[in-house]
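Data block for query.cif (mmCIF, C-alpha atoms):
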```cif
data_start
loop_
_atom_site.label_atom_id
_atom_site.label_comp_id
_atom_site.auth_asym_id
_atom_site.auth_seq_id
_atom_site.Cartn_x
_atom_site.Cartn_y
_atom_site.Cartn_z
CA MET O 1 3.52 19.73 19.18
CA LEU O 2 2.34 18.73 15.72
CA LYS O 3 -1.32 19.01 14.80
CA VAL O 4 -2.35 15.98 12.77
CA LEU O 5 -5.54 15.98 10.73
CA VAL O 6 -6.94 12.53 9.90
CA VAL O 7 -9.56 12.62 7.13
CA GLY O 8 -11.75 9.53 7.30
CA TYR O 9 -12.24 7.24 10.29
CA GLY O 10 -12.75 3.78 8.86
CA SER O 11 -10.55 0.79 9.73
CA ILE O 12 -7.26 2.28 8.53
CA GLY O 13 -8.07 5.75 9.89
CA LYS O 14 -8.73 4.24 13.30
CA ARG O 15 -5.45 2.31 13.15
CA HIS O 16 -3.46 5.42 12.32
CA VAL O 17 -5.17 7.46 15.06
CA ASN O 18 -4.40 4.76 17.65
CA ASN O 19 -0.78 4.55 16.51
CA ILE O 20 -0.31 8.32 16.55
CA LEU O 21 -1.78 8.47 20.08
CA SER O 22 0.40 5.61 21.31
CA ASN O 23 3.69 6.54 19.67
CA THR O 24 3.84 10.32 19.25
CA ASN O 25 3.16 13.51 21.14
CA SER O 26 0.71 15.00 18.67
CA GLU O 27 -2.63 16.77 18.73
CA ILE O 28 -5.20 14.93 16.62
CA ILE O 29 -8.08 16.32 14.59
CA ILE O 30 -10.50 13.93 12.86
CA CYS O 31 -12.66 14.89 9.91
CA THR O 32 -15.46 12.37 9.43
CA LYS O 33 -19.16 12.05 8.74
CA ARG O 34 -19.51 9.61 11.63
CA ARG O 35 -21.53 10.73 14.66
CA ASP O 36 -20.50 8.03 17.14
CA LEU O 37 -17.01 9.21 18.12
CA GLY O 38 -17.74 11.29 21.21
CA HIS O 39 -15.66 8.87 23.28
CA LEU O 40 -12.51 10.10 21.50
CA LYS O 41 -12.84 13.57 22.98
CA LYS O 42 -11.51 12.30 26.31
CA HIS O 43 -8.16 11.89 24.51
CA GLY O 44 -8.24 15.56 23.52
CA ILE O 45 -9.21 14.70 19.94
CA LYS O 46 -11.24 17.27 18.06
CA ILE O 47 -13.86 16.01 15.63
CA TYR O 48 -15.26 17.96 12.68
CA ASN O 49 -17.69 17.07 9.94
CA SER O 50 -16.13 19.21 7.17
CA LEU O 51 -12.67 19.84 5.79
CA GLU O 52 -13.23 23.59 5.95
CA GLU O 53 -13.82 23.46 9.72
CA SER O 54 -10.87 21.10 10.19
CA LEU O 55 -8.49 23.39 8.31
CA GLU O 56 -9.54 26.38 10.40
CA ASP O 57 -7.78 24.61 13.29
CA LYS O 58 -4.47 25.04 11.39
CA PRO O 59 -3.19 21.42 11.27
CA ASP O 60 0.41 20.76 10.16
CA ILE O 61 -0.02 17.30 8.62
CA GLY O 62 -2.85 15.53 6.83
CA PHE O 63 -3.51 11.78 6.92
CA ILE O 64 -5.89 10.94 4.06
CA THR O 65 -7.69 7.71 4.91
CA ASN O 66 -11.11 8.18 3.33
CA GLU O 67 -12.54 6.43 0.25
CA THR O 68 -9.99 5.87 -2.52
CA SER O 69 -11.93 7.96 -5.04
CA LEU O 70 -11.79 10.93 -2.61
CA HIS O 71 -8.04 10.82 -1.98
CA ILE O 72 -7.05 13.33 -4.67
CA PRO O 73 -9.85 15.89 -4.06
CA THR O 74 -8.99 15.78 -0.34
CA ALA O 75 -5.24 15.98 -0.97
CA LEU O 76 -5.69 19.04 -3.21
CA LYS O 77 -7.47 20.95 -0.43
CA LEU O 78 -4.91 19.95 2.18
CA ALA O 79 -1.93 20.64 -0.09
CA ASN O 80 -3.29 24.09 -0.96
CA ALA O 81 -3.46 24.75 2.78
CA GLY O 82 0.24 23.82 3.06
CA LEU O 83 -0.11 20.49 4.88
CA ASP O 84 2.45 17.71 4.48
CA LEU O 85 0.57 14.64 3.24
CA PHE O 86 0.31 11.00 4.22
CA ILE O 87 -2.03 9.38 1.67
CA GLU O 88 -3.21 5.86 2.34
CA LYS O 89 -2.69 3.47 -0.57
CA PRO O 90 -3.68 3.49 -3.35
CA LEU O 91 -3.17 7.11 -4.35
CA SER O 92 -6.48 7.08 -6.24
CA ASN O 93 -8.63 4.95 -8.53
CA SER O 94 -7.88 7.13 -11.57
CA MET O 95 -5.32 9.68 -12.81
CA THR O 96 -7.82 12.56 -12.59
CA SER O 97 -6.21 15.71 -11.11
CA VAL O 98 -3.00 13.84 -10.17
CA LYS O 99 -0.79 16.26 -12.14
CA GLN O 100 -2.47 19.18 -10.39
CA LEU O 101 -1.58 17.66 -7.01
CA GLU O 102 2.02 17.05 -8.10
CA LYS O 103 2.33 20.69 -9.14
CA ILE O 104 1.11 22.01 -5.76
CA VAL O 105 3.36 19.60 -3.84
CA ARG O 106 6.41 20.75 -5.81
CA LYS O 107 5.53 24.44 -5.47
CA LYS O 108 4.99 24.25 -1.71
CA ARG O 109 7.80 21.72 -1.15
CA LEU O 110 5.56 19.43 0.84
CA VAL O 111 6.71 16.13 2.33
CA THR O 112 4.53 13.31 1.00
CA MET O 113 4.16 9.62 1.71
CA ILE O 114 1.94 6.88 0.30
CA GLY O 115 0.88 4.33 2.92
CA CYS O 116 2.50 1.23 1.43
CA ASN O 117 3.36 -0.48 4.70
CA PHE O 118 4.85 -3.60 3.06
CA ARG O 119 8.02 -1.59 2.50
CA PHE O 120 8.37 -1.97 6.28
CA HIS O 121 7.72 -5.73 6.31
CA PRO O 122 10.96 -7.38 7.57
CA CYS O 123 10.81 -10.17 4.97
CA ILE O 124 10.22 -7.79 2.05
CA LYS O 125 13.06 -5.58 3.31
CA LYS O 126 15.28 -8.66 3.49
CA LEU O 127 14.43 -9.66 -0.08
CA LYS O 128 15.40 -6.19 -1.28
CA GLN O 129 18.66 -6.30 0.65
CA LEU O 130 19.61 -9.70 -0.75
CA VAL O 131 18.82 -8.59 -4.32
CA CYS O 132 20.86 -5.41 -3.86
CA ASP O 133 23.73 -7.44 -2.38
CA ASN O 134 23.73 -9.63 -5.51
CA ARG O 135 23.25 -12.78 -3.42
CA ILE O 136 21.57 -14.68 -6.29
CA GLY O 137 23.51 -13.00 -9.07
CA GLU O 138 21.69 -11.23 -11.87
CA VAL O 139 17.93 -11.45 -11.40
CA ILE O 140 16.10 -12.99 -14.37
CA SER O 141 12.50 -13.32 -13.19
CA VAL O 142 10.14 -12.89 -10.25
CA GLN O 143 6.75 -14.39 -9.41
CA ALA O 144 4.49 -12.77 -6.80
CA GLU O 145 1.07 -13.86 -5.58
CA ASN O 146 -1.50 -12.31 -3.25
CA GLY O 147 -4.79 -14.09 -2.72
CA SER O 148 -7.40 -13.24 -0.08
CA TYR O 149 -11.15 -13.37 0.53
CA LEU O 150 -12.74 -9.93 0.34
CA PRO O 151 -15.59 -10.62 2.83
CA ASP O 152 -12.95 -11.51 5.46
CA TYR O 153 -11.39 -8.01 5.36
CA HIS O 154 -13.97 -6.46 7.69
CA PRO O 155 -16.36 -9.25 8.78
CA TRP O 156 -18.42 -6.70 10.73
CA GLU O 157 -19.32 -4.90 7.47
CA ASP O 158 -21.18 -5.97 4.33
CA TYR O 159 -18.43 -6.26 1.72
CA LYS O 160 -20.95 -5.52 -1.05
CA THR O 161 -21.48 -1.98 0.27
CA ARG O 162 -17.85 -1.21 1.13
CA PHE O 163 -15.96 1.03 -1.28
CA THR O 164 -13.20 -1.59 -1.71
CA GLY O 165 -15.57 -3.73 -3.74
CA SER O 166 -17.14 -0.82 -5.59
CA SER O 167 -16.00 1.43 -8.41
CA MET O 168 -14.86 3.90 -5.73
CA GLY O 169 -12.11 1.50 -4.70
CA GLY O 170 -10.73 0.57 -8.10
CA GLY O 171 -10.85 -3.22 -8.00
CA VAL O 172 -8.25 -5.79 -7.04
CA SER O 173 -5.37 -4.49 -9.19
CA VAL O 174 -5.62 -1.02 -7.62
CA SER O 175 -6.78 -1.83 -4.09
CA GLU O 176 -4.19 -4.62 -3.71
CA ILE O 177 -1.35 -2.40 -4.92
CA HIS O 178 1.02 -3.48 -2.12
CA ASP O 179 2.53 -6.32 -4.14
CA LEU O 180 3.10 -4.23 -7.24
CA ASP O 181 4.58 -1.53 -5.01
CA TYR O 182 7.17 -3.78 -3.36
CA LEU O 183 8.14 -5.25 -6.74
CA TYR O 184 8.56 -1.71 -8.08
CA TRP O 185 10.59 -0.84 -4.96
CA ILE O 186 12.93 -3.82 -5.35
CA PHE O 187 13.32 -4.05 -9.14
CA GLY O 188 12.61 -0.53 -10.44
CA ASP O 189 10.32 0.84 -13.09
CA ILE O 190 8.16 -1.22 -15.45
CA LYS O 191 8.00 -0.72 -19.20
CA GLU O 192 5.37 -3.24 -20.35
CA VAL O 193 2.37 -5.11 -18.94
CA LEU O 194 0.15 -7.83 -20.37
CA SER O 195 -2.80 -8.68 -18.18
CA ILE O 196 -6.06 -10.54 -17.70
CA THR O 197 -7.99 -8.51 -15.14
CA GLY O 198 -11.70 -8.69 -14.46
CA LYS O 199 -14.66 -10.02 -12.53
CA PHE O 200 -14.50 -13.83 -12.44
CA SER O 201 -15.80 -15.08 -9.08
CA HIS O 202 -19.21 -15.37 -7.43
CA LEU O 203 -18.53 -12.31 -5.24
CA LYS O 204 -21.06 -9.53 -5.59
CA THR O 205 -18.60 -6.74 -6.39
CA ARG O 206 -18.74 -4.13 -9.13
CA THR O 207 -15.04 -4.29 -9.97
CA SER O 208 -12.34 -6.80 -10.86
CA ASP O 209 -11.63 -9.63 -8.40
CA LEU O 210 -8.78 -11.31 -10.32
CA SER O 211 -5.71 -9.94 -12.03
CA SER O 212 -3.02 -12.07 -13.64
CA SER O 213 -0.25 -10.05 -15.25
CA ILE O 214 3.09 -10.47 -16.97
CA ILE O 215 5.26 -7.43 -16.36
CA LYS O 216 8.56 -6.47 -17.93
CA PHE O 217 10.82 -4.17 -15.97
CA ARG O 218 13.05 -1.59 -17.61
CA ASN O 219 16.08 -3.71 -16.67
CA ASP O 220 14.45 -6.60 -18.61
CA ILE O 221 13.54 -8.66 -15.54
CA VAL O 222 10.31 -10.53 -16.29
CA GLY O 223 7.69 -10.67 -13.56
CA GLN O 224 4.39 -12.44 -12.98
CA LEU O 225 1.90 -10.87 -10.58
CA TYR O 226 -1.25 -12.73 -9.52
CA LEU O 227 -3.96 -11.10 -7.37
CA ASP O 228 -7.40 -12.29 -6.32
CA TRP O 229 -10.17 -11.59 -3.83
CA PHE O 230 -11.69 -15.08 -3.52
CA GLN O 231 -8.89 -17.18 -1.98
CA ARG O 232 -9.11 -18.77 1.45
CA PRO O 233 -6.96 -18.86 3.45
CA ALA O 234 -5.20 -15.62 2.58
CA PHE O 235 -1.74 -16.20 1.13
CA ARG O 236 1.16 -14.18 -0.21
CA ARG O 237 4.43 -15.32 -1.76
CA CYS O 238 7.38 -14.04 -3.75
CA LYS O 239 9.93 -16.11 -5.65
CA ILE O 240 12.95 -14.41 -7.24
CA LYS O 241 15.17 -16.34 -9.67
CA GLY O 242 18.71 -15.28 -10.48
CA THR O 243 21.79 -16.62 -12.24
CA LYS O 244 23.23 -17.96 -8.97
CA GLY O 245 20.15 -19.03 -7.05
CA ILE O 246 16.63 -18.37 -5.83
CA LEU O 247 15.04 -16.26 -3.09
CA TYR O 248 11.70 -17.33 -1.63
CA TRP O 249 9.24 -16.00 0.94
CA ASP O 250 5.63 -16.75 1.75
CA SER O 251 3.16 -15.54 4.35
CA ASP O 252 2.56 -19.01 5.84
CA SER O 253 6.14 -19.56 6.96
CA ASN O 254 7.18 -15.89 7.11
CA GLU O 255 10.66 -17.12 6.30
CA VAL O 256 13.09 -15.83 3.70
CA LYS O 257 15.09 -18.66 2.14
CA ILE O 258 17.92 -18.63 -0.38
CA PHE O 259 18.83 -21.49 -2.71
CA ASN O 260 22.47 -21.64 -3.75
CA SER O 261 22.66 -23.20 -7.22
CA LYS O 262 26.31 -24.20 -6.84
CA ARG O 263 25.73 -26.04 -3.54
CA SER O 264 22.21 -27.14 -4.53
CA LYS O 265 21.04 -26.28 -1.04
CA TRP O 266 18.37 -24.10 0.66
CA LYS O 267 19.32 -21.87 3.60
CA SER O 268 17.05 -19.86 5.89
CA VAL O 269 18.24 -16.26 6.21
CA LEU O 270 15.32 -14.77 8.16
CA LYS O 271 12.50 -16.28 10.18
CA VAL O 272 9.78 -14.00 11.57
CA LYS O 273 7.29 -15.29 14.15
CA THR O 274 4.76 -12.52 13.61
CA ASN O 275 1.78 -13.34 11.40
CA TYR O 276 1.70 -10.32 9.10
CA LEU O 277 -1.72 -11.29 7.76
CA ASP O 278 -3.23 -10.90 11.24
CA TYR O 279 -4.93 -7.54 11.85
CA TYR O 280 -3.16 -6.90 15.15
CA GLN O 281 0.18 -8.62 14.68
CA LYS O 282 0.97 -6.62 11.53
CA ASN O 283 0.59 -3.31 13.37
CA PRO O 284 4.39 -2.73 13.83
CA MET O 285 4.62 -2.09 10.08
CA TYR O 286 2.12 0.76 10.43
CA VAL O 287 3.92 2.16 13.47
CA ASP O 288 7.24 2.10 11.61
CA GLU O 289 5.81 3.90 8.57
CA ILE O 290 4.29 6.66 10.74
CA LYS O 291 7.57 7.14 12.64
CA HIS O 292 9.42 7.30 9.31
CA PHE O 293 6.98 9.83 7.87
CA LEU O 294 7.08 12.10 10.92
CA ASN O 295 10.88 11.95 10.99
CA CYS O 296 10.99 12.99 7.32
CA VAL O 297 8.56 15.84 8.06
CA LYS O 298 10.76 17.01 10.94
CA ASN O 299 13.93 16.91 8.83
CA ARG O 300 12.25 17.98 5.54
CA LYS O 301 13.48 14.87 3.73
CA ASP O 302 11.92 12.67 1.05
CA THR O 303 10.11 9.61 2.35
CA ILE O 304 10.67 6.00 1.33
CA SER O 305 7.45 6.10 -0.72
CA ASP O 306 6.62 9.61 -1.83
CA LEU O 307 3.95 10.98 -4.15
CA SER O 308 5.95 10.17 -7.29
CA ASP O 309 6.07 6.48 -6.29
CA GLY O 310 2.32 6.49 -5.68
CA VAL O 311 1.68 8.09 -9.07
CA ARG O 312 3.85 5.59 -10.90
CA THR O 313 2.43 2.46 -9.27
CA LEU O 314 -1.09 3.76 -9.89
CA GLN O 315 -0.26 4.27 -13.57
CA ILE O 316 1.05 0.70 -13.78
CA SER O 317 -1.95 -0.85 -12.01
CA LEU O 318 -4.38 1.05 -14.23
CA SER O 319 -2.39 -0.18 -17.23
CA MET O 320 -3.12 -3.74 -16.16
CA GLU O 321 -6.84 -3.08 -16.50
CA LYS O 322 -6.25 -1.30 -19.81
CA SER O 323 -4.18 -4.20 -21.14
CA SER O 324 -6.96 -6.63 -20.27
CA LYS O 325 -9.59 -4.55 -22.04
CA LEU O 326 -7.44 -4.05 -25.14
CA LYS O 327 -6.12 -7.64 -25.11
CA ARG O 328 -2.58 -6.49 -25.82
CA VAL O 329 0.67 -5.32 -24.25
CA VAL O 330 0.46 -1.82 -22.77
CA LYS O 331 3.27 0.57 -21.89
CA PRO O 332 2.38 2.28 -18.57
#
```

Whole structure given in structure tokens:
Amino acid sequence: MLKVLVVGYGSIGKRHVNNILSNTNSEIIICTKRRDLGHLKKHGIKIYNSLEESLEDKPDIGFITNETSLHIPTALKLANAGLDLFIEKPLSNSMTSVKQLEKIVRKKRLVTMIGCNFRFHPCIKKLKQLVCDNRIGEVISVQAENGSYLPDYHPWEDYKTRFTGSSMGGGVSVSEIHDLDYLYWIFGDIKEVLSITGKFSHLKTRTSDLSSSIIKFRNDIVGQLYLDWFQRPAFRRCKIKGTKGILYWDSDSNEVKIFNSKRSKWKSVLKVKTNYLDYYQKNPMYVDEIKHFLNCVKNRKDTISDLSDGVRTLQISLSMEKSSKLKRVVKP
């Protein structure tokens, strides 16, 4: 039986704990400052207030689900103890000590995964498959959008005091890294970014709430990525244009469509009933990513989104902020 240490018990930590309990035969240890979790002990869960105490219990795997700015310091301690690592997205809000973590992971041959669950979204997976199958010919450009309203994320909390809206979270371009991650996953590495990123809305946050970027991939595909934290209702979309047609998906329809330029006709290739913007309905993505991670740990294989992917997408997202400040193109 695997011993799983979960560091941090906020919304995402709670989700992962519930999914581990429901879908695996694992012993769970939680490290948190919270004092109201006595009810979890009936499930055999051990609760500690410090990492040192938690590590004395000899866990095998660490799930890092605390504040973004604490991801790397926590990961360093767990990696030094020899734990395989699941790090919730984003990897961090800066590049501080990232190289040190990479060095330890390589030396100890640890299995790592960044929690980018949209790689398990059926529509995003379908877009990748269709691009790889050359269904719209050579891809020329892609436009992606993700707009949401920050206070809606956790209505039971004051968004002004949550780390997502503070400097500890990194702002919209870092916290909303899912869309950059799936673009990186589908189209490969990025060589240039030009961005306007900053605080534009009435929201009382200390970081950026809008990011509008032009990105150029190494294969010369041109992308546009728009993110904001003040849009209601929440909405995501992706439109991919190629020499033979267009691929389109959005979160309202949850349908992947393909336009054949020769026939001048749209065709639905996947229709998903689940609302992947709903807190509960999107849970299968999180279950699938945990099952994938644990299978890779068991077989000592690389995951679909390992530490190197998390490092690269973090570098790119930070470059968007840098580009905005410098008012010029930046090479990540």

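Nearest residue to Val105 (chain O), choosing from O:Lys128, O:Lys282, O:Lys77, O:Arg206 and counting only C-alpha atoms: O:Lys77.
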
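With only the atoms specified (all atoms listed in the file) counting, those residues at most 6 Å away from (-4.5, 7.2, -13.1) are Ser94, Met95, Leu314 and Gln315 of chain O.
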
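From CA of Cys123 (chain O) back to CA of Trp249 (chain O), the distance works out to 7.3 Å.
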
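For the pair CA of Ile72 (chain O) and CA of Val4 (chain O), the interatomic distance is 18.3 Å.
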
Which neighbours of region 134-143 of chain O fall inside 6 Å, counting all atoms listed in the file, when residues of the same chain fewer than 4 positions from it are skipped, and could you give them as a JSON list (two decimals) with C-alpha atoms, keeping the file's coordinate frame?
```
[["chain", "number", "residue", "atom", "x", "y", "z"],
["O", 130, "LEU", "CA", 19.61, -9.70, -0.75],
["O", 221, "ILE", "CA", 13.54, -8.66, -15.54],
["O", 222, "VAL", "CA", 10.31, -10.53, -16.29],
["O", 223, "GLY", "CA", 7.69, -10.67, -13.56],
["O", 224, "GLN", "CA", 4.39, -12.44, -12.98],
["O", 238, "CYS", "CA", 7.38, -14.04, -3.75],
["O", 239, "LYS", "CA", 9.93, -16.11, -5.65],
["O", 240, "ILE", "CA", 12.95, -14.41, -7.24],
["O", 241, "LYS", "CA", 15.17, -16.34, -9.67],
["O", 242, "GLY", "CA", 18.71, -15.28, -10.48],
["O", 243, "THR", "CA", 21.79, -16.62, -12.24],
["O", 244, "LYS", "CA", 23.23, -17.96, -8.97],
["O", 245, "GLY", "CA", 20.15, -19.03, -7.05]]
```

Enter the distance from CA of Arg35 (chain O) to CA of Val6 (chain O), in Å, rounded to one decimal. 15.5 Å

Using the chain letters and residue numbers of this document, give as a PyMOL selection string the residues selected by the PyMOL selection byres ((chain O and resi 216) around 7). chain O and resi 190-193+214-215+217-218+220-223

Here's a test: counting all atoms listed in the file, identify every protein, DNA and RNA residue with an atom at most 12 Å from (-21.6, 11.3, 6.1) in the file's coordinate frame, and state them as a VMD selection string. chain O and resid 8 to 10 31 to 36 48 to 50 66 to 67

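Here the question is which of O:Asn18, O:Ser213, O:Thr303, O:Asn260 gets nearest to Val330 (chain O) using all atoms listed in the file, and that residue is O:Ser213.
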
Under the PyMOL selection byres ((chain O and resi 170-185) around 7), which residues of this model are included? Write them out as a PyMOL selection string. chain O and resi 90+93+116+118-119+164-165+167-169+186-189+207-211+227-229+313-314+317

Mind filling out region 298-308 of chain O with all heavy atoms and sending it as a PDB file, in the frame of the given file?
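Once written, result-v2.pdb looks like this:
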```pdb
ATOM      1  N   LYS O 298       9.917  16.236  10.028  1.00  0.00           N
ATOM      2  CA  LYS O 298      10.760  17.010  10.940  1.00  0.00           C
ATOM      3  C   LYS O 298      12.035  17.478  10.260  1.00  0.00           C
ATOM      4  O   LYS O 298      12.465  18.629  10.433  1.00  0.00           O
ATOM      5  CB  LYS O 298      11.108  16.154  12.162  1.00  0.00           C
ATOM      6  CG  LYS O 298      12.011  16.849  13.173  1.00  0.00           C
ATOM      7  CD  LYS O 298      12.334  15.907  14.333  1.00  0.00           C
ATOM      8  CE  LYS O 298      13.284  16.574  15.318  1.00  0.00           C
ATOM      9  NZ  LYS O 298      13.617  15.647  16.446  1.00  0.00           N
ATOM     10  N   ASN O 299      12.647  16.597   9.469  1.00  0.00           N
ATOM     11  CA  ASN O 299      13.930  16.910   8.830  1.00  0.00           C
ATOM     12  C   ASN O 299      13.800  17.380   7.392  1.00  0.00           C
ATOM     13  O   ASN O 299      14.814  17.582   6.719  1.00  0.00           O
ATOM     14  CB  ASN O 299      14.842  15.681   8.905  1.00  0.00           C
ATOM     15  CG  ASN O 299      15.220  15.317  10.326  1.00  0.00           C
ATOM     16  OD1 ASN O 299      15.931  16.048  10.986  1.00  0.00           O
ATOM     17  ND2 ASN O 299      14.726  14.184  10.808  1.00  0.00           N
ATOM     18  N   ARG O 300      12.529  17.528   6.909  1.00  0.00           N
ATOM     19  CA  ARG O 300      12.250  17.980   5.540  1.00  0.00           C
ATOM     20  C   ARG O 300      12.996  17.134   4.514  1.00  0.00           C
ATOM     21  O   ARG O 300      13.666  17.641   3.609  1.00  0.00           O
ATOM     22  CB  ARG O 300      12.594  19.465   5.344  1.00  0.00           C
ATOM     23  CG  ARG O 300      12.030  20.410   6.378  1.00  0.00           C
ATOM     24  CD  ARG O 300      10.561  20.202   6.660  1.00  0.00           C
ATOM     25  NE  ARG O 300       9.691  20.434   5.487  1.00  0.00           N
ATOM     26  CZ  ARG O 300       8.401  20.108   5.459  1.00  0.00           C
ATOM     27  NH1 ARG O 300       7.838  19.521   6.508  1.00  0.00           N
ATOM     28  NH2 ARG O 300       7.683  20.359   4.387  1.00  0.00           N
ATOM     29  N   LYS O 301      12.847  15.824   4.636  1.00  0.00           N
ATOM     30  CA  LYS O 301      13.480  14.870   3.730  1.00  0.00           C
ATOM     31  C   LYS O 301      12.420  14.090   2.960  1.00  0.00           C
ATOM     32  O   LYS O 301      11.283  13.971   3.393  1.00  0.00           O
ATOM     33  CB  LYS O 301      14.354  13.887   4.517  1.00  0.00           C
ATOM     34  CG  LYS O 301      15.581  14.505   5.159  1.00  0.00           C
ATOM     35  CD  LYS O 301      16.407  13.430   5.849  1.00  0.00           C
ATOM     36  CE  LYS O 301      17.685  14.001   6.446  1.00  0.00           C
ATOM     37  NZ  LYS O 301      18.497  12.952   7.133  1.00  0.00           N
ATOM     38  N   ASP O 302      12.823  13.541   1.810  1.00  0.00           N
ATOM     39  CA  ASP O 302      11.920  12.670   1.050  1.00  0.00           C
ATOM     40  C   ASP O 302      11.662  11.384   1.810  1.00  0.00           C
ATOM     41  O   ASP O 302      12.557  10.845   2.469  1.00  0.00           O
ATOM     42  CB  ASP O 302      12.533  12.333  -0.314  1.00  0.00           C
ATOM     43  CG  ASP O 302      12.623  13.529  -1.237  1.00  0.00           C
ATOM     44  OD1 ASP O 302      11.868  14.493  -1.021  1.00  0.00           O
ATOM     45  OD2 ASP O 302      13.453  13.502  -2.159  1.00  0.00           O
ATOM     46  N   THR O 303      10.450  10.874   1.696  1.00  0.00           N
ATOM     47  CA  THR O 303      10.110   9.610   2.350  1.00  0.00           C
ATOM     48  C   THR O 303      10.475   8.424   1.479  1.00  0.00           C
ATOM     49  O   THR O 303      10.827   8.575   0.307  1.00  0.00           O
ATOM     50  CB  THR O 303       8.602   9.560   2.666  1.00  0.00           C
ATOM     51  OG1 THR O 303       7.871   9.579   1.429  1.00  0.00           O
ATOM     52  CG2 THR O 303       8.179  10.725   3.539  1.00  0.00           C
ATOM     53  N   ILE O 304      10.359   7.233   2.043  1.00  0.00           N
ATOM     54  CA  ILE O 304      10.670   6.000   1.330  1.00  0.00           C
ATOM     55  C   ILE O 304       9.688   5.730   0.194  1.00  0.00           C
ATOM     56  O   ILE O 304       9.985   5.006  -0.759  1.00  0.00           O
ATOM     57  CB  ILE O 304      10.689   4.817   2.324  1.00  0.00           C
ATOM     58  CG1 ILE O 304      11.310   3.562   1.701  1.00  0.00           C
ATOM     59  CG2 ILE O 304       9.293   4.518   2.850  1.00  0.00           C
ATOM     60  CD1 ILE O 304      11.475   2.420   2.694  1.00  0.00           C
ATOM     61  N   SER O 305       8.496   6.328   0.285  1.00  0.00           N
ATOM     62  CA  SER O 305       7.450   6.100  -0.720  1.00  0.00           C
ATOM     63  C   SER O 305       6.669   7.397  -0.906  1.00  0.00           C
ATOM     64  O   SER O 305       5.605   7.586  -0.335  1.00  0.00           O
ATOM     65  CB  SER O 305       6.508   4.973  -0.241  1.00  0.00           C
ATOM     66  OG  SER O 305       5.450   4.785  -1.148  1.00  0.00           O
ATOM     67  N   ASP O 306       7.228   8.290  -1.705  1.00  0.00           N
ATOM     68  CA  ASP O 306       6.620   9.610  -1.830  1.00  0.00           C
ATOM     69  C   ASP O 306       5.547   9.647  -2.928  1.00  0.00           C
ATOM     70  O   ASP O 306       5.215   8.617  -3.524  1.00  0.00           O
ATOM     71  CB  ASP O 306       7.683  10.689  -2.049  1.00  0.00           C
ATOM     72  CG  ASP O 306       8.457  10.523  -3.352  1.00  0.00           C
ATOM     73  OD1 ASP O 306       8.039   9.710  -4.208  1.00  0.00           O
ATOM     74  OD2 ASP O 306       9.485  11.209  -3.522  1.00  0.00           O
ATOM     75  N   LEU O 307       5.032  10.826  -3.186  1.00  0.00           N
ATOM     76  CA  LEU O 307       3.950  10.980  -4.150  1.00  0.00           C
ATOM     77  C   LEU O 307       4.319  10.427  -5.523  1.00  0.00           C
ATOM     78  O   LEU O 307       3.495   9.790  -6.191  1.00  0.00           O
ATOM     79  CB  LEU O 307       3.555  12.459  -4.265  1.00  0.00           C
ATOM     80  CG  LEU O 307       2.437  12.784  -5.268  1.00  0.00           C
ATOM     81  CD1 LEU O 307       1.136  12.090  -4.885  1.00  0.00           C
ATOM     82  CD2 LEU O 307       2.241  14.302  -5.364  1.00  0.00           C
ATOM     83  N   SER O 308       5.546  10.638  -5.960  1.00  0.00           N
ATOM     84  CA  SER O 308       5.950  10.170  -7.290  1.00  0.00           C
ATOM     85  C   SER O 308       5.871   8.647  -7.395  1.00  0.00           C
ATOM     86  O   SER O 308       5.501   8.101  -8.441  1.00  0.00           O
ATOM     87  CB  SER O 308       7.372  10.643  -7.628  1.00  0.00           C
ATOM     88  OG  SER O 308       8.321  10.099  -6.725  1.00  0.00           O
TER      89      SER O 308
END
```
